[in-house]
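Encoded as structure tokens, the structure appears first; notes follow it.
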Amino acid sequence: RKIIFEKQWFYLDNAIGHTYGTTFEVTSGGNLQPKQEVEESTTETKEAGTDNRNIVDDGKSQKLTHDDIKALKDKGIKGQEIVQQLIENSTTFRDKTEFAQDKYIKKKKKKYEAVITIVKPSTRILSTMYYAREPGKINHLRYDTLAQMLTLGNIRAGNKMIVMETCAGLVLGAVMERMGGYGSIIQMYPGGGPVRAATSCFGFPKPFFDNLHEFPLSKVDSLLSGTFSTETLPSEPEDNVLVEEESNRLTDEKQISLQETEEESTTETAMEINQTEEQDTMDINAEDVEFKENKEKENKDNVREKQRKQWERRKKLIETAALLTQKNADGLIVASKFHPTPLLLSLLEFVAPSRPFVVYCQYKEPLLECYTKLRERGGVINLKLSETWLRNYQVLPDRSHPKLTMSGGGGYLLSGITVVLDKGKSDSSHLEALKMEEPSSKRCKVQDLHC
């Protein structure tokens, strides 16, 4: 299929078989060809001005017009040659500083040279791309915030993680990449099914998905209360009934065929007379019978597939429920568009003691409420509400400096560690706290003032 990227369109057929990091040149017709490395001539950077104070951007410095450039493209001249001609026809290029000349060349190359490098997908690349192009799909989760989540959540191989996210599968893919296919992940999802658009972009091998489980949020309360059930789950896929039907059909066909052979033996001589007349009708009848049989087979195959899929789905759901009821998960990651408080309070029940949890939210207020609720509930320590601050720097020889534009905010993180919650003590302490509204010293002072 045709792929459109950065105002370029091309086909990826010729890229198959090449290693990651290969640079391709887009030729006419959208085909890709590996680019041959050519040593760039540095003759144009020999003459350079001392500063740019006398250069005025009035749009008259370039002698080549749009029509001239279009004519060059139509002739089939490559982008490198077009850039060279732009440099030669620029009246102000020689007066620019060396840095400004490099910047000018880079800008023109990006515009006129159709060069593409295919890189291996990773969490860093995908998170940067999503944040730059479609931040709304990942709840404005910035790449440094995602890195903080993976660190605070102690994501490593062999873990049993619970992930609840509505970031198009980016957080799930980041966790899977960090775990490297070892351990198990339980993805909690709202609605009809999990969304894994970004996860599929990572290009994980099939074994990575063997230990990936999914569980609907709508059934978490029933699982915690002990009323969880998956309708009427058959012990095995309903193939036995279908096999019996098939065997009955086969025996019926055998009986019919035996009867037909007996009739044919008795009336063989009579049929020889008008054989030519009945041959056509027999062929038509046989075609009708075959068509009906094929339709019945297709219908039964579809029914069997549906039943098998339903059985597999229910089986997976029961397996995931069994994993959750063990309540020994090694961590919890929450990054969703929903309010974090009810999510976290219910999902923390499945996490083992002395394990980390991280909650991401684009806004601070929901996490503040979550923080106070957790402090009241107990069972957690080392609660921290943090916001990461990010500023990009340009690192080049003799011109390293912070970039002028920077991100306004990357969201907030609430992290902590679970501990064993003693329910008896927590209830009694809560009652005592309600009784003692104020410390005794403060109450005495208030009484003295009233007197």
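The way I read the labels, and the way they are meant: chains A, B, ... in the order of the structure tokens, residue 1 as the first residue of every chain, and ligand 1 as the first ligand shown, with later ones counted on from there.
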List every residue of region 288-399 of chain A that has an atom at most 10 Å from any atom of region 174-193 of chain A, and for each one report the closest atom pair and its distance in Å to one decimal, counting only C-alpha atoms, with rows sorted by chain and then by increasing residue number, as CSV.
residue,atom,partner,partner_atom,distance
A:Thr320,CA,A:Ile186,CA,7.3
A:Ala321,CA,A:Ile186,CA,9.8
A:Leu323,CA,A:Ile186,CA,8.6
A:Leu324,CA,A:Ile186,CA,8.3
A:Ala329,CA,A:Ile186,CA,9.3
A:Asp330,CA,A:Ser184,CA,9.9
A:Gly331,CA,A:Ile185,CA,9.9
A:Leu332,CA,A:Ile186,CA,9.7
A:Ile333,CA,A:Val175,CA,9.3
A:Val334,CA,A:Met188,CA,9.5
A:Ser336,CA,A:Tyr189,CA,9.8
A:Phe338,CA,A:Pro190,CA,9.8
A:Leu347,CA,A:Met188,CA,9.4
Take the residues from that selection and put them in a file with N, CA and C atoms, as a PDB file, in the first residue's frame.
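Output contents, as saved in again-v4.pdb:
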ATOM      1  N   THR A 320      -7.204 -15.580  33.798  1.00  0.00           N
ATOM      2  CA  THR A 320      -6.804 -14.254  34.281  1.00  0.00           C
ATOM      3  C   THR A 320      -7.401 -13.983  35.656  1.00  0.00           C
ATOM      4  N   ALA A 321      -8.661 -14.380  35.852  1.00  0.00           N
ATOM      5  CA  ALA A 321      -9.302 -14.214  37.164  1.00  0.00           C
ATOM      6  C   ALA A 321      -8.549 -14.995  38.236  1.00  0.00           C
ATOM      7  N   LEU A 323      -5.352 -15.708  38.180  1.00  0.00           N
ATOM      8  CA  LEU A 323      -4.096 -14.984  38.443  1.00  0.00           C
ATOM      9  C   LEU A 323      -4.331 -13.796  39.377  1.00  0.00           C
ATOM     10  N   LEU A 324      -5.452 -13.086  39.167  1.00  0.00           N
ATOM     11  CA  LEU A 324      -5.735 -11.911  39.988  1.00  0.00           C
ATOM     12  C   LEU A 324      -6.094 -12.291  41.421  1.00  0.00           C
ATOM     13  N   ALA A 329       0.492  -9.682  42.724  1.00  0.00           N
ATOM     14  CA  ALA A 329       1.105  -8.940  41.620  1.00  0.00           C
ATOM     15  C   ALA A 329       2.312  -8.149  42.125  1.00  0.00           C
ATOM     16  N   ASP A 330       3.316  -8.013  41.264  1.00  0.00           N
ATOM     17  CA  ASP A 330       4.563  -7.335  41.651  1.00  0.00           C
ATOM     18  C   ASP A 330       4.529  -5.840  41.398  1.00  0.00           C
ATOM     19  N   GLY A 331       3.443  -5.337  40.870  1.00  0.00           N
ATOM     20  CA  GLY A 331       3.368  -3.900  40.621  1.00  0.00           C
ATOM     21  C   GLY A 331       2.094  -3.527  39.906  1.00  0.00           C
ATOM     22  N   LEU A 332       1.807  -2.224  39.924  1.00  0.00           N
ATOM     23  CA  LEU A 332       0.593  -1.703  39.294  1.00  0.00           C
ATOM     24  C   LEU A 332       0.926  -0.397  38.584  1.00  0.00           C
ATOM     25  N   ILE A 333       0.518  -0.307  37.326  1.00  0.00           N
ATOM     26  CA  ILE A 333       0.703   0.913  36.528  1.00  0.00           C
ATOM     27  C   ILE A 333      -0.673   1.377  36.059  1.00  0.00           C
ATOM     28  N   VAL A 334      -1.023   2.616  36.362  1.00  0.00           N
ATOM     29  CA  VAL A 334      -2.311   3.185  35.940  1.00  0.00           C
ATOM     30  C   VAL A 334      -2.033   4.464  35.163  1.00  0.00           C
ATOM     31  N   SER A 336      -4.701   6.376  32.764  1.00  0.00           N
ATOM     32  CA  SER A 336      -5.964   6.354  32.033  1.00  0.00           C
ATOM     33  C   SER A 336      -6.651   7.705  32.092  1.00  0.00           C
ATOM     34  N   PHE A 338      -9.691   7.989  33.056  1.00  0.00           N
ATOM     35  CA  PHE A 338     -10.690   7.906  34.128  1.00  0.00           C
ATOM     36  C   PHE A 338     -10.125   8.453  35.435  1.00  0.00           C
ATOM     37  N   LEU A 347      -7.835  -1.816  42.423  1.00  0.00           N
ATOM     38  CA  LEU A 347      -6.757  -2.627  41.843  1.00  0.00           C
ATOM     39  C   LEU A 347      -5.619  -2.897  42.822  1.00  0.00           C
TER      40      LEU A 347
END
Quiz prompt | Backbone-only DSSP, strand (DSSP E or B) members of region 65-237 of chain A, as a VMD selection string | solution = chain A and resid 90 115 to 117 160 to 165 184 to 189 212 to 216
Quiz prompt | Distance query Thr23 (chain A) at most 9 Å, only C-alpha atoms, self and fewer than 5 positions along chain excluded, as an NGL selection string | solution = :A and (33-36 or 115-118)
Please identify every residue of region 89-188 of chain A that has at least one atom no farther than 12 Å from an atom of region 362-367 of chain A, counting only C-alpha atoms, and for each give the shortest atom pair and the distance in Å to one decimal, arranged by chain then increasing number, as a Markdown table.
| residue | atom | partner | partner_atom | distance |
| --- | --- | --- | --- | --- |
| A:Pro135 | CA | A:Gln362 | CA | 11.1 |
| A:Gly136 | CA | A:Gln362 | CA | 10.5 |
| A:Ile138 | CA | A:Gln362 | CA | 10.1 |
| A:Asn139 | CA | A:Gln362 | CA | 6.7 |
| A:His140 | CA | A:Gln362 | CA | 6.7 |
| A:Leu141 | CA | A:Gln362 | CA | 7.3 |
| A:Arg142 | CA | A:Gln362 | CA | 9.8 |
| A:Thr145 | CA | A:Gln362 | CA | 10.6 |
| A:Cys167 | CA | A:Gln362 | CA | 11.8 |
Could you take the residues named above and write them with N, CA, C and O atoms, as an mmCIF file, in the first residue's frame?
data_model
loop_
_atom_site.group_PDB
_atom_site.id
_atom_site.type_symbol
_atom_site.label_atom_id
_atom_site.label_comp_id
_atom_site.auth_asym_id
_atom_site.auth_seq_id
_atom_site.Cartn_x
_atom_site.Cartn_y
_atom_site.Cartn_z
ATOM 1 N N PRO A 135 -0.781 13.806 20.734
ATOM 2 C CA PRO A 135 -0.691 13.688 22.199
ATOM 3 C C PRO A 135 -2.017 13.346 22.871
ATOM 4 O O PRO A 135 -2.035 12.740 23.944
ATOM 5 N N GLY A 136 -3.124 13.707 22.229
ATOM 6 C CA GLY A 136 -4.430 13.405 22.813
ATOM 7 C C GLY A 136 -4.700 11.920 22.934
ATOM 8 O O GLY A 136 -5.418 11.474 23.837
ATOM 9 N N ILE A 138 -2.606 9.645 23.741
ATOM 10 C CA ILE A 138 -1.873 9.037 24.866
ATOM 11 C C ILE A 138 -2.024 9.880 26.139
ATOM 12 O O ILE A 138 -1.170 9.839 27.031
ATOM 13 N N ASN A 139 -3.134 10.658 26.212
ATOM 14 C CA ASN A 139 -3.439 11.493 27.384
ATOM 15 C C ASN A 139 -2.299 12.460 27.710
ATOM 16 O O ASN A 139 -2.007 12.711 28.888
ATOM 17 N N HIS A 140 -1.622 12.946 26.670
ATOM 18 C CA HIS A 140 -0.524 13.907 26.821
ATOM 19 C C HIS A 140 0.581 13.374 27.735
ATOM 20 O O HIS A 140 1.185 14.124 28.508
ATOM 21 N N LEU A 141 0.829 12.080 27.645
ATOM 22 C CA LEU A 141 1.903 11.444 28.425
ATOM 23 C C LEU A 141 3.236 11.716 27.728
ATOM 24 O O LEU A 141 3.505 11.182 26.653
ATOM 25 N N ARG A 142 4.070 12.537 28.353
ATOM 26 C CA ARG A 142 5.354 12.894 27.745
ATOM 27 C C ARG A 142 6.351 11.759 27.947
ATOM 28 O O ARG A 142 6.246 10.989 28.912
ATOM 29 N N THR A 145 8.075 11.396 31.267
ATOM 30 C CA THR A 145 7.150 10.929 32.308
ATOM 31 C C THR A 145 6.964 9.420 32.210
ATOM 32 O O THR A 145 6.889 8.725 33.231
ATOM 33 N N CYS A 167 -3.901 4.667 26.770
ATOM 34 C CA CYS A 167 -2.924 5.427 25.976
ATOM 35 C C CYS A 167 -2.622 4.699 24.675
ATOM 36 O O CYS A 167 -1.468 4.654 24.231
#
Exercise. Would you list, as a PyMOL selection string, the residues of region 30-165 of chain A that end up in helix (DSSP H, G or I) under DSSP run on this structure's backbone?
Key: chain A and resi 43-45+66-74+79-88+98-112+123-133+135-138+143-152
Output C-alpha atoms for every residue in that selection, as an mmCIF file, in the first residue's frame.
data_model
loop_
_atom_site.group_PDB
_atom_site.id
_atom_site.type_symbol
_atom_site.label_atom_id
_atom_site.label_comp_id
_atom_site.auth_asym_id
_atom_site.auth_seq_id
_atom_site.Cartn_x
_atom_site.Cartn_y
_atom_site.Cartn_z
ATOM 1 C CA THR A 43 33.603 23.891 -0.902
ATOM 2 C CA GLU A 44 30.525 25.985 -0.208
ATOM 3 C CA THR A 45 31.457 26.405 3.477
ATOM 4 C CA HIS A 66 9.413 28.214 -7.909
ATOM 5 C CA ASP A 67 8.891 27.554 -11.624
ATOM 6 C CA ASP A 68 12.632 27.046 -12.118
ATOM 7 C CA ILE A 69 12.781 24.544 -9.245
ATOM 8 C CA LYS A 70 9.716 22.740 -10.588
ATOM 9 C CA ALA A 71 11.357 22.522 -14.017
ATOM 10 C CA LEU A 72 14.488 21.040 -12.456
ATOM 11 C CA LYS A 73 12.358 18.416 -10.682
ATOM 12 C CA ASP A 74 10.519 17.563 -13.909
ATOM 13 C CA GLY A 79 17.634 16.718 -4.677
ATOM 14 C CA GLN A 80 21.347 17.087 -3.943
ATOM 15 C CA GLU A 81 21.909 18.907 -7.240
ATOM 16 C CA ILE A 82 18.880 21.162 -6.637
ATOM 17 C CA VAL A 83 20.315 22.134 -3.230
ATOM 18 C CA GLN A 84 23.667 22.894 -4.860
ATOM 19 C CA GLN A 85 21.990 25.147 -7.429
ATOM 20 C CA LEU A 86 20.057 26.939 -4.677
ATOM 21 C CA ILE A 87 23.332 27.643 -2.887
ATOM 22 C CA GLU A 88 24.967 28.950 -6.061
ATOM 23 C CA GLU A 98 29.434 28.984 9.005
ATOM 24 C CA PHE A 99 26.694 27.912 11.432
ATOM 25 C CA ALA A 100 24.019 29.730 9.415
ATOM 26 C CA GLN A 101 25.280 28.082 6.225
ATOM 27 C CA ASP A 102 25.005 24.612 7.812
ATOM 28 C CA LYS A 103 21.503 25.438 8.967
ATOM 29 C CA TYR A 104 20.516 26.642 5.488
ATOM 30 C CA ILE A 105 21.886 23.478 3.798
ATOM 31 C CA LYS A 106 20.144 21.211 6.311
ATOM 32 C CA LYS A 107 16.831 23.000 5.799
ATOM 33 C CA LYS A 108 17.018 22.782 1.983
ATOM 34 C CA LYS A 109 18.081 19.131 2.062
ATOM 35 C CA LYS A 110 15.074 18.259 4.186
ATOM 36 C CA LYS A 111 12.806 19.997 1.689
ATOM 37 C CA TYR A 112 14.222 18.745 -1.616
ATOM 38 C CA THR A 123 9.626 2.972 23.397
ATOM 39 C CA ARG A 124 11.646 6.187 23.063
ATOM 40 C CA ILE A 125 10.899 6.631 19.355
ATOM 41 C CA LEU A 126 7.194 5.739 19.590
ATOM 42 C CA SER A 127 6.529 7.863 22.681
ATOM 43 C CA THR A 128 8.311 10.857 21.102
ATOM 44 C CA MET A 129 6.342 10.386 17.868
ATOM 45 C CA TYR A 130 2.966 10.056 19.625
ATOM 46 C CA TYR A 131 3.649 13.068 21.869
ATOM 47 C CA ALA A 132 4.682 15.215 18.886
ATOM 48 C CA ARG A 133 1.886 14.184 16.515
ATOM 49 C CA PRO A 135 -0.691 13.688 22.199
ATOM 50 C CA GLY A 136 -4.430 13.405 22.813
ATOM 51 C CA LYS A 137 -4.362 9.679 22.055
ATOM 52 C CA ILE A 138 -1.873 9.037 24.866
ATOM 53 C CA TYR A 143 8.253 10.534 27.045
ATOM 54 C CA ASP A 144 10.243 11.529 30.159
ATOM 55 C CA THR A 145 7.150 10.929 32.308
ATOM 56 C CA LEU A 146 6.796 7.456 30.782
ATOM 57 C CA ALA A 147 10.456 6.789 31.620
ATOM 58 C CA GLN A 148 9.785 7.847 35.230
ATOM 59 C CA MET A 149 6.801 5.466 35.370
ATOM 60 C CA LEU A 150 8.894 2.504 34.227
ATOM 61 C CA THR A 151 11.567 3.327 36.812
ATOM 62 C CA LEU A 152 9.221 3.961 39.743
#
Quiz prompt | Surrounding residues of region 11-17 of chain A excluding itself and chain neighbours under 3 positions, 9 Å, only C-alpha atoms, as an MDAnalysis selection string | solution = chainID A and resid 1:3 22 24 29:34 118
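With only C-alpha atoms as the atoms that count, the residue of A:Ile318, A:Ala157, A:Leu343, A:Leu170 with the shortest distance to Ser122 (chain A) is A:Leu170.
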Self-check item: Contact residues around region 89-93 of chain A with only C-alpha atoms at 8 Å, ignoring same-chain residues under 4 positions, as a PyMOL selection string
Solution: chain A and resi 55+61-64+85+101
